[in-house]
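Peer 1: Here you go, this is model_3.pdb (PDB, C-alpha atoms and all ligand atoms).
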```pdb
MODEL        1
ATOM      1  CA  MET A  18      14.449  52.456  38.997  1.00  0.00           C
ATOM      2  CA  ARG A  19      13.082  49.069  38.046  1.00  0.00           C
ATOM      3  CA  ARG A  20      10.016  50.739  36.552  1.00  0.00           C
ATOM      4  CA  ARG A  21      12.143  52.998  34.321  1.00  0.00           C
ATOM      5  CA  TRP A  22      14.085  49.972  33.042  1.00  0.00           C
ATOM      6  CA  PHE A  23      10.817  48.298  32.136  1.00  0.00           C
ATOM      7  CA  LEU A  24       9.614  51.349  30.214  1.00  0.00           C
ATOM      8  CA  ILE A  25      12.808  51.557  28.153  1.00  0.00           C
ATOM      9  CA  CYS A  26      12.597  47.867  27.262  1.00  0.00           C
ATOM     10  CA  ALA A  27       8.943  48.168  26.345  1.00  0.00           C
ATOM     11  CA  ALA A  28       9.757  51.040  23.993  1.00  0.00           C
ATOM     12  CA  THR A  29      12.525  49.015  22.350  1.00  0.00           C
ATOM     13  CA  LEU A  30      10.289  45.985  21.937  1.00  0.00           C
ATOM     14  CA  THR A  31       7.482  47.922  20.339  1.00  0.00           C
ATOM     15  CA  LEU A  32       9.821  49.608  17.839  1.00  0.00           C
ATOM     16  CA  ALA A  33      11.583  46.467  16.563  1.00  0.00           C
ATOM     17  CA  PRO A  34       8.605  44.483  15.256  1.00  0.00           C
ATOM     18  CA  ALA A  35       7.035  47.607  13.756  1.00  0.00           C
ATOM     19  CA  SER A  36       9.999  48.206  11.433  1.00  0.00           C
ATOM     20  CA  ALA A  37      10.309  44.483  10.599  1.00  0.00           C
ATOM     21  CA  VAL A  38       6.720  44.125   9.386  1.00  0.00           C
ATOM     22  CA  ALA A  39       6.673  47.467   7.565  1.00  0.00           C
ATOM     23  CA  CYS A  40       8.273  45.953   4.482  1.00  0.00           C
ATOM     24  CA  ASP A  41       5.966  43.602   2.607  1.00  0.00           C
ATOM     25  CA  LYS A  42       8.316  42.643  -0.212  1.00  0.00           C
ATOM     26  CA  ALA A  43       5.659  40.718  -2.109  1.00  0.00           C
ATOM     27  CA  ASP A  44       3.625  43.926  -2.246  1.00  0.00           C
ATOM     28  CA  PHE A  45       6.499  46.214  -3.141  1.00  0.00           C
ATOM     29  CA  PRO A  46       6.787  46.163  -6.943  1.00  0.00           C
ATOM     30  CA  VAL A  47      10.078  47.523  -8.283  1.00  0.00           C
ATOM     31  CA  LEU A  48      10.402  48.566 -11.904  1.00  0.00           C
ATOM     32  CA  VAL A  49      13.820  48.129 -13.515  1.00  0.00           C
ATOM     33  CA  ASP A  50      14.063  50.291 -16.608  1.00  0.00           C
ATOM     34  CA  VAL A  51      16.613  49.357 -19.274  1.00  0.00           C
ATOM     35  CA  GLY A  52      18.100  52.582 -20.589  1.00  0.00           C
ATOM     36  CA  HIS A  53      17.941  53.222 -24.356  1.00  0.00           C
ATOM     37  CA  SER A  54      16.978  50.755 -27.091  1.00  0.00           C
ATOM     38  CA  PRO A  55      18.476  48.678 -29.925  1.00  0.00           C
ATOM     39  CA  ALA A  56      17.611  51.451 -32.373  1.00  0.00           C
ATOM     40  CA  ALA A  57      19.019  54.248 -30.190  1.00  0.00           C
ATOM     41  CA  PRO A  58      21.598  52.396 -28.082  1.00  0.00           C
ATOM     42  CA  GLY A  59      23.105  55.303 -26.141  1.00  0.00           C
ATOM     43  CA  ALA A  60      26.860  55.591 -25.617  1.00  0.00           C
ATOM     44  CA  ILE A  61      29.429  53.426 -27.406  1.00  0.00           C
ATOM     45  CA  SER A  62      32.100  51.900 -25.174  1.00  0.00           C
ATOM     46  CA  ALA A  63      35.858  52.194 -25.667  1.00  0.00           C
ATOM     47  CA  ARG A  64      35.774  48.787 -27.349  1.00  0.00           C
ATOM     48  CA  GLY A  65      32.747  49.478 -29.526  1.00  0.00           C
ATOM     49  CA  LYS A  66      29.983  47.844 -27.477  1.00  0.00           C
ATOM     50  CA  THR A  67      26.661  49.646 -27.064  1.00  0.00           C
ATOM     51  CA  GLU A  68      25.518  51.090 -23.778  1.00  0.00           C
ATOM     52  CA  TYR A  69      22.200  49.346 -24.370  1.00  0.00           C
ATOM     53  CA  ALA A  70      23.953  45.947 -24.240  1.00  0.00           C
ATOM     54  CA  PHE A  71      25.564  46.909 -20.914  1.00  0.00           C
ATOM     55  CA  ASN A  72      22.211  48.122 -19.609  1.00  0.00           C
ATOM     56  CA  VAL A  73      20.367  44.911 -20.590  1.00  0.00           C
ATOM     57  CA  ALA A  74      22.923  42.720 -18.805  1.00  0.00           C
ATOM     58  CA  LEU A  75      23.015  44.786 -15.603  1.00  0.00           C
ATOM     59  CA  ALA A  76      19.224  45.222 -15.481  1.00  0.00           C
ATOM     60  CA  ALA A  77      18.843  41.434 -15.731  1.00  0.00           C
ATOM     61  CA  ALA A  78      21.254  40.972 -12.802  1.00  0.00           C
ATOM     62  CA  VAL A  79      19.351  43.561 -10.743  1.00  0.00           C
ATOM     63  CA  GLN A  80      16.013  41.886 -11.458  1.00  0.00           C
ATOM     64  CA  ARG A  81      17.399  38.469 -10.477  1.00  0.00           C
ATOM     65  CA  GLU A  82      18.771  39.891  -7.240  1.00  0.00           C
ATOM     66  CA  LEU A  83      15.502  41.611  -6.296  1.00  0.00           C
ATOM     67  CA  LYS A  84      13.409  38.533  -7.044  1.00  0.00           C
ATOM     68  CA  SER A  85      15.775  36.390  -4.975  1.00  0.00           C
ATOM     69  CA  ARG A  86      15.246  38.816  -2.088  1.00  0.00           C
ATOM     70  CA  GLY A  87      11.491  38.333  -2.298  1.00  0.00           C
ATOM     71  CA  TYR A  88      10.378  41.273  -4.457  1.00  0.00           C
ATOM     72  CA  ALA A  89       8.051  39.075  -6.480  1.00  0.00           C
ATOM     73  CA  GLY A  90       6.532  42.051  -8.283  1.00  0.00           C
ATOM     74  CA  THR A  91       9.853  43.125  -9.771  1.00  0.00           C
ATOM     75  CA  ALA A  92       9.418  43.863 -13.441  1.00  0.00           C
ATOM     76  CA  GLY A  93      11.610  45.111 -16.220  1.00  0.00           C
ATOM     77  CA  LEU A  94      10.722  47.321 -19.090  1.00  0.00           C
ATOM     78  CA  GLY A  95      11.567  44.370 -21.324  1.00  0.00           C
ATOM     79  CA  ALA A  96      12.730  44.041 -24.897  1.00  0.00           C
ATOM     80  CA  ARG A  97       9.533  45.287 -26.510  1.00  0.00           C
ATOM     81  CA  ALA A  98       9.045  48.294 -24.252  1.00  0.00           C
ATOM     82  CA  ALA A  99      12.755  49.008 -24.210  1.00  0.00           C
ATOM     83  CA  ALA A 100      12.749  49.129 -27.988  1.00  0.00           C
ATOM     84  CA  GLN A 101      10.560  52.189 -27.754  1.00  0.00           C
ATOM     85  CA  ARG A 102      11.870  55.666 -27.359  1.00  0.00           C
ATOM     86  CA  ALA A 103      12.162  56.968 -23.816  1.00  0.00           C
ATOM     87  CA  SER A 104       9.231  59.327 -24.380  1.00  0.00           C
ATOM     88  CA  ARG A 105       6.979  56.364 -25.243  1.00  0.00           C
ATOM     89  CA  ARG A 106       7.877  54.576 -22.038  1.00  0.00           C
ATOM     90  CA  SER A 107       6.019  57.097 -19.950  1.00  0.00           C
ATOM     91  CA  GLY A 108       2.686  55.260 -20.290  1.00  0.00           C
ATOM     92  CA  PRO A 109       3.973  51.823 -19.201  1.00  0.00           C
ATOM     93  CA  ILE A 110       5.967  53.409 -16.373  1.00  0.00           C
ATOM     94  CA  ARG A 111       2.939  55.325 -15.069  1.00  0.00           C
ATOM     95  CA  ALA A 112       0.730  52.243 -15.401  1.00  0.00           C
ATOM     96  CA  SER A 113       3.217  49.958 -13.647  1.00  0.00           C
ATOM     97  CA  GLY A 114       2.133  50.925 -10.150  1.00  0.00           C
ATOM     98  CA  ALA A 115       5.764  50.523  -9.093  1.00  0.00           C
ATOM     99  CA  LYS A 116       6.631  51.671  -5.599  1.00  0.00           C
ATOM    100  CA  LEU A 117      10.197  52.276  -6.768  1.00  0.00           C
ATOM    101  CA  MET A 118      11.821  52.626 -10.170  1.00  0.00           C
ATOM    102  CA  ILE A 119      15.475  52.219 -11.024  1.00  0.00           C
ATOM    103  CA  SER A 120      16.646  53.196 -14.483  1.00  0.00           C
ATOM    104  CA  ILE A 121      19.872  51.446 -15.516  1.00  0.00           C
ATOM    105  CA  HIS A 122      22.458  53.295 -17.609  1.00  0.00           C
ATOM    106  CA  HIS A 123      26.200  53.402 -18.307  1.00  0.00           C
ATOM    107  CA  ASP A 124      28.071  56.642 -18.717  1.00  0.00           C
ATOM    108  CA  SER A 125      30.117  58.524 -21.285  1.00  0.00           C
ATOM    109  CA  ALA A 126      31.878  61.886 -21.509  1.00  0.00           C
ATOM    110  CA  GLN A 127      31.677  65.006 -23.627  1.00  0.00           C
ATOM    111  CA  PRO A 128      33.202  64.729 -27.154  1.00  0.00           C
ATOM    112  CA  ARG A 129      35.993  67.214 -26.302  1.00  0.00           C
ATOM    113  CA  TYR A 130      37.581  64.597 -24.024  1.00  0.00           C
ATOM    114  CA  PHE A 131      37.723  61.800 -26.565  1.00  0.00           C
ATOM    115  CA  GLU A 132      40.839  60.331 -28.150  1.00  0.00           C
ATOM    116  CA  THR A 133      41.115  57.378 -30.509  1.00  0.00           C
ATOM    117  CA  TRP A 134      42.840  54.029 -30.265  1.00  0.00           C
ATOM    118  CA  THR A 135      42.847  50.788 -32.185  1.00  0.00           C
ATOM    119  CA  TYR A 136      41.279  47.715 -30.614  1.00  0.00           C
ATOM    120  CA  GLN A 137      41.132  44.418 -32.503  1.00  0.00           C
ATOM    121  CA  GLY A 138      42.003  46.162 -35.757  1.00  0.00           C
ATOM    122  CA  ARG A 139      39.342  48.853 -35.481  1.00  0.00           C
ATOM    123  CA  GLU A 140      39.544  52.449 -34.386  1.00  0.00           C
ATOM    124  CA  HIS A 141      37.421  53.446 -31.404  1.00  0.00           C
ATOM    125  CA  GLY A 142      36.859  56.601 -29.395  1.00  0.00           C
ATOM    126  CA  TYR A 143      37.662  56.550 -25.686  1.00  0.00           C
ATOM    127  CA  SER A 144      38.280  58.822 -22.717  1.00  0.00           C
ATOM    128  CA  ASP A 145      40.188  57.609 -19.676  1.00  0.00           C
ATOM    129  CA  ARG A 146      39.739  60.982 -17.983  1.00  0.00           C
ATOM    130  CA  PHE A 147      36.656  60.065 -15.942  1.00  0.00           C
ATOM    131  CA  LYS A 148      35.515  57.007 -14.051  1.00  0.00           C
ATOM    132  CA  GLY A 149      32.872  56.090 -11.527  1.00  0.00           C
ATOM    133  CA  TRP A 150      29.152  55.775 -11.010  1.00  0.00           C
ATOM    134  CA  SER A 151      26.595  58.517 -10.398  1.00  0.00           C
ATOM    135  CA  LEU A 152      22.950  58.766  -9.408  1.00  0.00           C
ATOM    136  CA  HIS A 153      20.362  61.115 -10.878  1.00  0.00           C
ATOM    137  CA  VAL A 154      17.039  62.101  -9.326  1.00  0.00           C
ATOM    138  CA  SER A 155      14.268  64.497 -10.224  1.00  0.00           C
ATOM    139  CA  GLN A 156      13.166  67.002  -7.649  1.00  0.00           C
ATOM    140  CA  SER A 157      10.021  67.952  -9.590  1.00  0.00           C
ATOM    141  CA  ALA A 158       8.506  64.467 -10.047  1.00  0.00           C
ATOM    142  CA  ALA A 159       6.097  62.383  -7.970  1.00  0.00           C
ATOM    143  CA  ASP A 160       8.171  61.799  -4.842  1.00  0.00           C
ATOM    144  CA  PRO A 161      11.293  63.984  -4.695  1.00  0.00           C
ATOM    145  CA  ALA A 162      12.026  63.195  -1.040  1.00  0.00           C
ATOM    146  CA  GLY A 163      11.637  59.445  -1.574  1.00  0.00           C
ATOM    147  CA  SER A 164      13.775  59.544  -4.701  1.00  0.00           C
ATOM    148  CA  LEU A 165      16.589  61.319  -2.880  1.00  0.00           C
ATOM    149  CA  ARG A 166      16.287  58.987   0.108  1.00  0.00           C
ATOM    150  CA  PHE A 167      16.639  55.907  -2.098  1.00  0.00           C
ATOM    151  CA  ALA A 168      19.544  57.448  -4.015  1.00  0.00           C
ATOM    152  CA  ARG A 169      21.357  58.114  -0.734  1.00  0.00           C
ATOM    153  CA  LEU A 170      20.852  54.519   0.419  1.00  0.00           C
ATOM    154  CA  LEU A 171      22.210  53.178  -2.864  1.00  0.00           C
ATOM    155  CA  ALA A 172      25.100  55.651  -2.973  1.00  0.00           C
ATOM    156  CA  ASP A 173      26.230  54.565   0.497  1.00  0.00           C
ATOM    157  CA  ARG A 174      26.270  50.929  -0.574  1.00  0.00           C
ATOM    158  CA  LEU A 175      28.197  51.655  -3.787  1.00  0.00           C
ATOM    159  CA  LYS A 176      30.720  53.722  -1.810  1.00  0.00           C
ATOM    160  CA  ALA A 177      31.051  50.940   0.771  1.00  0.00           C
ATOM    161  CA  ARG A 178      32.305  48.651  -1.991  1.00  0.00           C
ATOM    162  CA  GLY A 179      35.166  51.050  -2.696  1.00  0.00           C
ATOM    163  CA  TRP A 180      33.911  52.332  -6.040  1.00  0.00           C
ATOM    164  CA  PRO A 181      34.336  56.067  -6.653  1.00  0.00           C
ATOM    165  CA  PHE A 182      31.599  58.278  -8.029  1.00  0.00           C
ATOM    166  CA  THR A 183      32.219  60.752 -10.819  1.00  0.00           C
ATOM    167  CA  ARG A 184      31.895  64.514 -10.585  1.00  0.00           C
ATOM    168  CA  HIS A 185      32.238  65.172 -14.309  1.00  0.00           C
ATOM    169  CA  HIS A 186      28.549  65.977 -14.816  1.00  0.00           C
ATOM    170  CA  ALA A 187      28.983  69.042 -12.587  1.00  0.00           C
ATOM    171  CA  GLU A 188      31.666  70.599 -14.781  1.00  0.00           C
ATOM    172  CA  PRO A 189      30.432  73.991 -16.074  1.00  0.00           C
ATOM    173  CA  ILE A 190      30.654  73.168 -19.793  1.00  0.00           C
ATOM    174  CA  PRO A 191      28.000  72.620 -22.482  1.00  0.00           C
ATOM    175  CA  GLY A 192      26.241  69.287 -21.956  1.00  0.00           C
ATOM    176  CA  GLU A 193      27.138  69.119 -18.259  1.00  0.00           C
ATOM    177  CA  GLY A 194      26.736  71.705 -15.494  1.00  0.00           C
ATOM    178  CA  ARG A 195      24.401  69.487 -13.470  1.00  0.00           C
ATOM    179  CA  ALA A 196      23.673  70.310  -9.856  1.00  0.00           C
ATOM    180  CA  LEU A 197      25.387  67.881  -7.506  1.00  0.00           C
ATOM    181  CA  ILE A 198      22.714  67.902  -4.796  1.00  0.00           C
ATOM    182  CA  ASP A 199      24.581  65.509  -2.521  1.00  0.00           C
ATOM    183  CA  PRO A 200      28.281  66.168  -3.169  1.00  0.00           C
ATOM    184  CA  SER A 201      29.415  63.443  -0.767  1.00  0.00           C
ATOM    185  CA  ARG A 202      27.350  60.805  -2.548  1.00  0.00           C
ATOM    186  CA  GLY A 203      27.499  61.569  -6.292  1.00  0.00           C
ATOM    187  CA  ILE A 204      23.795  62.413  -6.572  1.00  0.00           C
ATOM    188  CA  TYR A 205      22.775  64.872  -9.273  1.00  0.00           C
ATOM    189  CA  ARG A 206      19.531  66.731  -9.750  1.00  0.00           C
ATOM    190  CA  ARG A 207      17.912  65.969 -13.127  1.00  0.00           C
ATOM    191  CA  ASP A 208      14.452  67.410 -13.652  1.00  0.00           C
ATOM    192  CA  ASP A 209      14.729  67.102 -17.438  1.00  0.00           C
ATOM    193  CA  LEU A 210      14.571  63.327 -17.845  1.00  0.00           C
ATOM    194  CA  ALA A 211      11.201  61.982 -19.054  1.00  0.00           C
ATOM    195  CA  VAL A 212      11.859  58.563 -17.557  1.00  0.00           C
ATOM    196  CA  LEU A 213      12.168  60.013 -14.041  1.00  0.00           C
ATOM    197  CA  ARG A 214       9.245  62.402 -14.496  1.00  0.00           C
ATOM    198  CA  SER A 215       6.990  59.496 -15.547  1.00  0.00           C
ATOM    199  CA  SER A 216       7.496  57.434 -12.428  1.00  0.00           C
ATOM    200  CA  PRO A 217       4.422  57.209 -10.188  1.00  0.00           C
ATOM    201  CA  GLY A 218       6.665  57.026  -7.126  1.00  0.00           C
ATOM    202  CA  PRO A 219      10.297  57.339  -6.054  1.00  0.00           C
ATOM    203  CA  ALA A 220      12.763  56.893  -8.908  1.00  0.00           C
ATOM    204  CA  ALA A 221      16.496  57.086  -9.477  1.00  0.00           C
ATOM    205  CA  LEU A 222      18.675  56.706 -12.536  1.00  0.00           C
ATOM    206  CA  LEU A 223      21.932  54.830 -11.997  1.00  0.00           C
ATOM    207  CA  GLU A 224      24.903  55.480 -14.257  1.00  0.00           C
ATOM    208  CA  ALA A 225      26.785  52.346 -13.225  1.00  0.00           C
ATOM    209  CA  GLY A 226      30.141  53.532 -14.521  1.00  0.00           C
ATOM    210  CA  VAL A 227      31.968  55.084 -17.470  1.00  0.00           C
ATOM    211  CA  ILE A 228      32.181  52.646 -20.392  1.00  0.00           C
ATOM    212  CA  VAL A 229      34.294  54.971 -22.550  1.00  0.00           C
ATOM    213  CA  ASN A 230      37.036  54.573 -19.919  1.00  0.00           C
ATOM    214  CA  ARG A 231      39.094  51.587 -21.101  1.00  0.00           C
ATOM    215  CA  ASP A 232      39.815  50.143 -17.657  1.00  0.00           C
ATOM    216  CA  GLU A 233      36.384  50.778 -16.208  1.00  0.00           C
ATOM    217  CA  GLU A 234      34.712  49.263 -19.250  1.00  0.00           C
ATOM    218  CA  LEU A 235      36.497  45.962 -18.579  1.00  0.00           C
ATOM    219  CA  ALA A 236      35.469  45.986 -14.909  1.00  0.00           C
ATOM    220  CA  LEU A 237      31.851  46.807 -15.751  1.00  0.00           C
ATOM    221  CA  ASP A 238      31.671  44.113 -18.428  1.00  0.00           C
ATOM    222  CA  SER A 239      32.076  41.275 -15.937  1.00  0.00           C
ATOM    223  CA  ASP A 240      29.500  39.089 -14.227  1.00  0.00           C
ATOM    224  CA  ALA A 241      31.274  39.687 -10.906  1.00  0.00           C
ATOM    225  CA  ARG A 242      30.815  43.470 -11.089  1.00  0.00           C
ATOM    226  CA  ARG A 243      27.228  43.155 -12.281  1.00  0.00           C
ATOM    227  CA  ALA A 244      26.431  40.822  -9.383  1.00  0.00           C
ATOM    228  CA  ALA A 245      28.103  43.173  -6.897  1.00  0.00           C
ATOM    229  CA  ILE A 246      26.195  46.206  -8.201  1.00  0.00           C
ATOM    230  CA  ALA A 247      22.961  44.192  -8.112  1.00  0.00           C
ATOM    231  CA  GLU A 248      23.679  43.204  -4.510  1.00  0.00           C
ATOM    232  CA  ALA A 249      24.204  46.870  -3.589  1.00  0.00           C
ATOM    233  CA  VAL A 250      20.862  47.708  -5.207  1.00  0.00           C
ATOM    234  CA  GLY A 251      19.208  44.834  -3.340  1.00  0.00           C
ATOM    235  CA  GLU A 252      20.531  46.034   0.011  1.00  0.00           C
ATOM    236  CA  ALA A 253      19.395  49.591  -0.709  1.00  0.00           C
ATOM    237  CA  VAL A 254      15.910  48.426  -1.762  1.00  0.00           C
ATOM    238  CA  ASP A 255      15.626  46.323   1.410  1.00  0.00           C
ATOM    239  CA  ARG A 256      16.424  49.319   3.580  1.00  0.00           C
ATOM    240  CA  PHE A 257      14.174  51.621   1.548  1.00  0.00           C
ATOM    241  CA  CYS A 258      11.273  49.182   1.781  1.00  0.00           C
ATOM    242  CA  GLU A 259      11.782  48.810   5.540  1.00  0.00           C
ATOM    243  CA  GLU A 260      11.667  52.579   5.993  1.00  0.00           C
ATOM    244  CA  SER A 261       8.703  53.158   3.651  1.00  0.00           C
TER     245      SER A 261
HETATM  246 ZN    ZN A 301      22.257  56.191 -20.964  1.00  0.00          ZN
ENDMDL
END
```
Would you mind giving the structure from this file in structure tokens?
Peer 2:
Amino acid sequence: MRRRWFLICAATLTLAPASAVACDKADFPVLVDVGHSPAAPGAISARGKTEYAFNVALAAAVQRELKSRGYAGTAGLGARAAAQRASRRSGPIRASGAKLMISIHHDSAQPRYFETWTYQGREHGYSDRFKGWSLHVSQSAADPAGSLRFARLLADRLKARGWPFTRHHAEPIPGEGRALIDPSRGIYRRDDLAVLRSSPGPAALLEAGVIVNRDEELALDSDARRAAIAEAVGEAVDRFCEES
């Protein structure tokens, strides 16, 4: 009896340090890709702000969070690289040697759902029909299993903060019809995105929320929300690194 107790404890002791030392944060470079560019800024929010501006601000918060957690090799595809078209980012992404890539975006909706309103004297398009984040992973790129594993870790941490994910990309209409490969976590399969295909390792694209939704735009355009999303990313990266 005493011998069995010893064996169980020995097994526990050998497992704990192994998982703790598995994550060498200083040697775990994370690439934070800023979606779109000043010349092609992506979606336009309900109040006329570009998606690119949202992406720059959130990507900066994510980079700060990861560096504060010890991921010294965290890098962004900065202003110069981000000014290039997505197709031209493939080279820098491949060359980055990143062990994980996160591409930062903010979401829109199909034109059929748009209405107009006047904000500060100007007319803008909006759609309050959809709200929430979503995650997109390729299943034909370098590490499909790793990409899905990271997306699940991040999805769980976004859900834990009480934020809903959106299902509108699965609607069977032109421009959508994406496969929701984890329906309980808002993870879509996207094999068509060059930015995900270029990654040398696991990669996920985060649509942080719907900026054409008037209420969600206000929430997303706050330092508090950006910091909370960045913290969720940091927690997910910690867990992913520990399990890698
Ligand atoms: Zn985008």
Peer 1: The PyMOL selection byres (((not hetatm)) within 10 of (chain A and resi 301)) on the file shown: which residues, as an MDAnalysis selection string?
Peer 2: chainID A and resid 51:54 57:60 67:69 71:72 120:125 222:225
Peer 1: Give me the residues near Ile204 of chain A as an MDAnalysis selection string, where near means some atom within 12 Å (using all atoms listed in the file) and where sequence neighbours in that chain fewer than 6 positions away do not count.
Peer 2: chainID A and resid 150:156 164:173 175 182:187 195:198 221:224
Peer 1: Which residues would end up in the selection if the PyMOL selection byres (((chain A and resi 252) around 10) and not hetatm) were applied here, given that I need the answer as a PyMOL selection string?
Peer 2: chain A and resi 82-83+86+170-171+174+246-251+253-258
Peer 1: I'd like the contact shell of segment 131-135 of chain A - 12 Å cut-off, only C-alpha atoms, skipping same-chain residues fewer than 6 positions apart - returned as a PyMOL selection string.
Peer 2: chain A and resi 61-65+125+141-147+229-231
Peer 1: Please produce a file of those selected residues containing C-alpha atoms, as a CSV table (one decimal), in the coordinates of the input.
Peer 2:
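Output file again.csv follows:
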```
chain,number,residue,atom,x,y,z
A,61,ILE,CA,29.4,53.4,-27.4
A,62,SER,CA,32.1,51.9,-25.2
A,63,ALA,CA,35.9,52.2,-25.7
A,64,ARG,CA,35.8,48.8,-27.3
A,65,GLY,CA,32.7,49.5,-29.5
A,125,SER,CA,30.1,58.5,-21.3
A,141,HIS,CA,37.4,53.4,-31.4
A,142,GLY,CA,36.9,56.6,-29.4
A,143,TYR,CA,37.7,56.6,-25.7
A,144,SER,CA,38.3,58.8,-22.7
A,145,ASP,CA,40.2,57.6,-19.7
A,146,ARG,CA,39.7,61.0,-18.0
A,147,PHE,CA,36.7,60.1,-15.9
A,229,VAL,CA,34.3,55.0,-22.6
A,230,ASN,CA,37.0,54.6,-19.9
A,231,ARG,CA,39.1,51.6,-21.1
```
Peer 1: Tell me, in Å to one decimal, how far atom CA of Arg242 of chain A is from atom CA of Val73 of chain A.
Peer 2: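 Computed distance, atom CA of Arg242 of chain A to atom CA of Val73 of chain A, equals 14.2 Å.
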Peer 1: Rank A:Ser85, A:Asp240, A:Pro128, A:Arg139 by their smallest atom-to-atom distance to Glu193 of chain A, using only C-alpha atoms, and report the top residue only.
Peer 2: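 Smallest separation from Glu193 of chain A among the options: A:Pro128.
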Peer 1: Just how far from atom CA of Pro217 of chain A is atom CA of Ser157 of chain A, in Å to one decimal?
Peer 2: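 Going from atom CA of Ser157 of chain A over to atom CA of Pro217 of chain A covers 12.1 Å.
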Peer 1: Using Å and a single decimal, report how far atom CA of Ala43 of chain A sits from atom CA of Ser216 of chain A.
Peer 2: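 Atom-to-atom, atom CA of Ser216 of chain A and atom CA of Ala43 of chain A are spaced 19.7 Å apart.
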Peer 1: Since I can't run it myself right now, could you work out what the PyMOL selection byres (((chain A and resi 118) around 8) and not hetatm) selects here and report it as a ChimeraX atom specification?
Peer 2: /A:47-50,115-117,119-120,216,218-221
Peer 1: Pick out the closest residue to Leu213 of chain A from this set: A:Gly194, A:Pro161, A:Pro55, A:Gly87. Count all atoms listed in the file.
Peer 2: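 Of the candidates, the smallest distance to Leu213 of chain A is held by A:Pro161.
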Peer 1: Hey, which of A:Lys66, A:Arg243, A:Val227, A:Thr91 ends up closest to Asp44 of chain A? Count only C-alpha atoms.
Peer 2: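 Checking each candidate against Asp44 of chain A, we get A:Thr91 as the closest.
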Peer 1: Hey, could you pull the box centre and edge lengths for segment 176-183 of chain A, axis-aligned, 8 Å padding per side, all listed atoms, to one decimal in Å, as AutoDock Vina command-line options?
Peer 2:
```
--center_x 32.9 --center_y 54.7 --center_z -5.0 --size_x 20.4 --size_y 28.1 --size_z 27.6
```
Peer 1: Using all atoms listed in the file, find the one residue out of A:Lys42, A:Arg111, A:Arg106, A:Arg129 that sits nearest to Tyr88 of chain A.
Peer 2: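 Closest candidate: A:Lys42.
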Peer 1: For Glu188 of chain A, which residue among A:Leu210, A:Ala245, A:Ala76, A:Ala126 is the nearest when counting all atoms listed in the file?
Peer 2: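 Among the listed residues, the smallest separation from Glu188 of chain A belongs to A:Ala126.
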Peer 1: Rebuild N, CA and C atoms on segment 62-73 of chain A, as a compact mmCIF listing (two decimals), keeping the file's coordinate frame?
Peer 2:
```
# COMPACT_ATOMS: atom_id res chain seq x y z
N SER A 62 30.97 52.10 -26.09
CA SER A 62 32.10 51.90 -25.17
C SER A 62 33.44 52.05 -25.89
N ALA A 63 34.51 52.06 -25.10
CA ALA A 63 35.86 52.19 -25.67
C ALA A 63 36.21 51.05 -26.60
N ARG A 64 35.51 49.93 -26.46
CA ARG A 64 35.77 48.79 -27.35
C ARG A 64 34.63 48.54 -28.32
N GLY A 65 33.76 49.53 -28.48
CA GLY A 65 32.75 49.48 -29.53
C GLY A 65 31.45 48.78 -29.17
N LYS A 66 31.22 48.51 -27.89
CA LYS A 66 29.98 47.84 -27.48
C LYS A 66 28.95 48.91 -27.11
N THR A 67 27.67 48.62 -27.35
CA THR A 67 26.66 49.65 -27.06
C THR A 67 26.34 49.71 -25.57
N GLU A 68 25.98 50.92 -25.16
CA GLU A 68 25.52 51.09 -23.78
C GLU A 68 24.28 50.22 -23.53
N TYR A 69 23.42 50.15 -24.53
CA TYR A 69 22.20 49.35 -24.37
C TYR A 69 22.54 47.91 -23.96
N ALA A 70 23.56 47.32 -24.59
CA ALA A 70 23.95 45.95 -24.24
C ALA A 70 24.41 45.87 -22.78
N PHE A 71 25.17 46.86 -22.33
CA PHE A 71 25.56 46.91 -20.91
C PHE A 71 24.33 47.03 -20.01
N ASN A 72 23.39 47.88 -20.44
CA ASN A 72 22.21 48.12 -19.61
C ASN A 72 21.34 46.86 -19.48
N VAL A 73 21.17 46.15 -20.60
CA VAL A 73 20.37 44.91 -20.59
C VAL A 73 20.96 43.91 -19.60
```
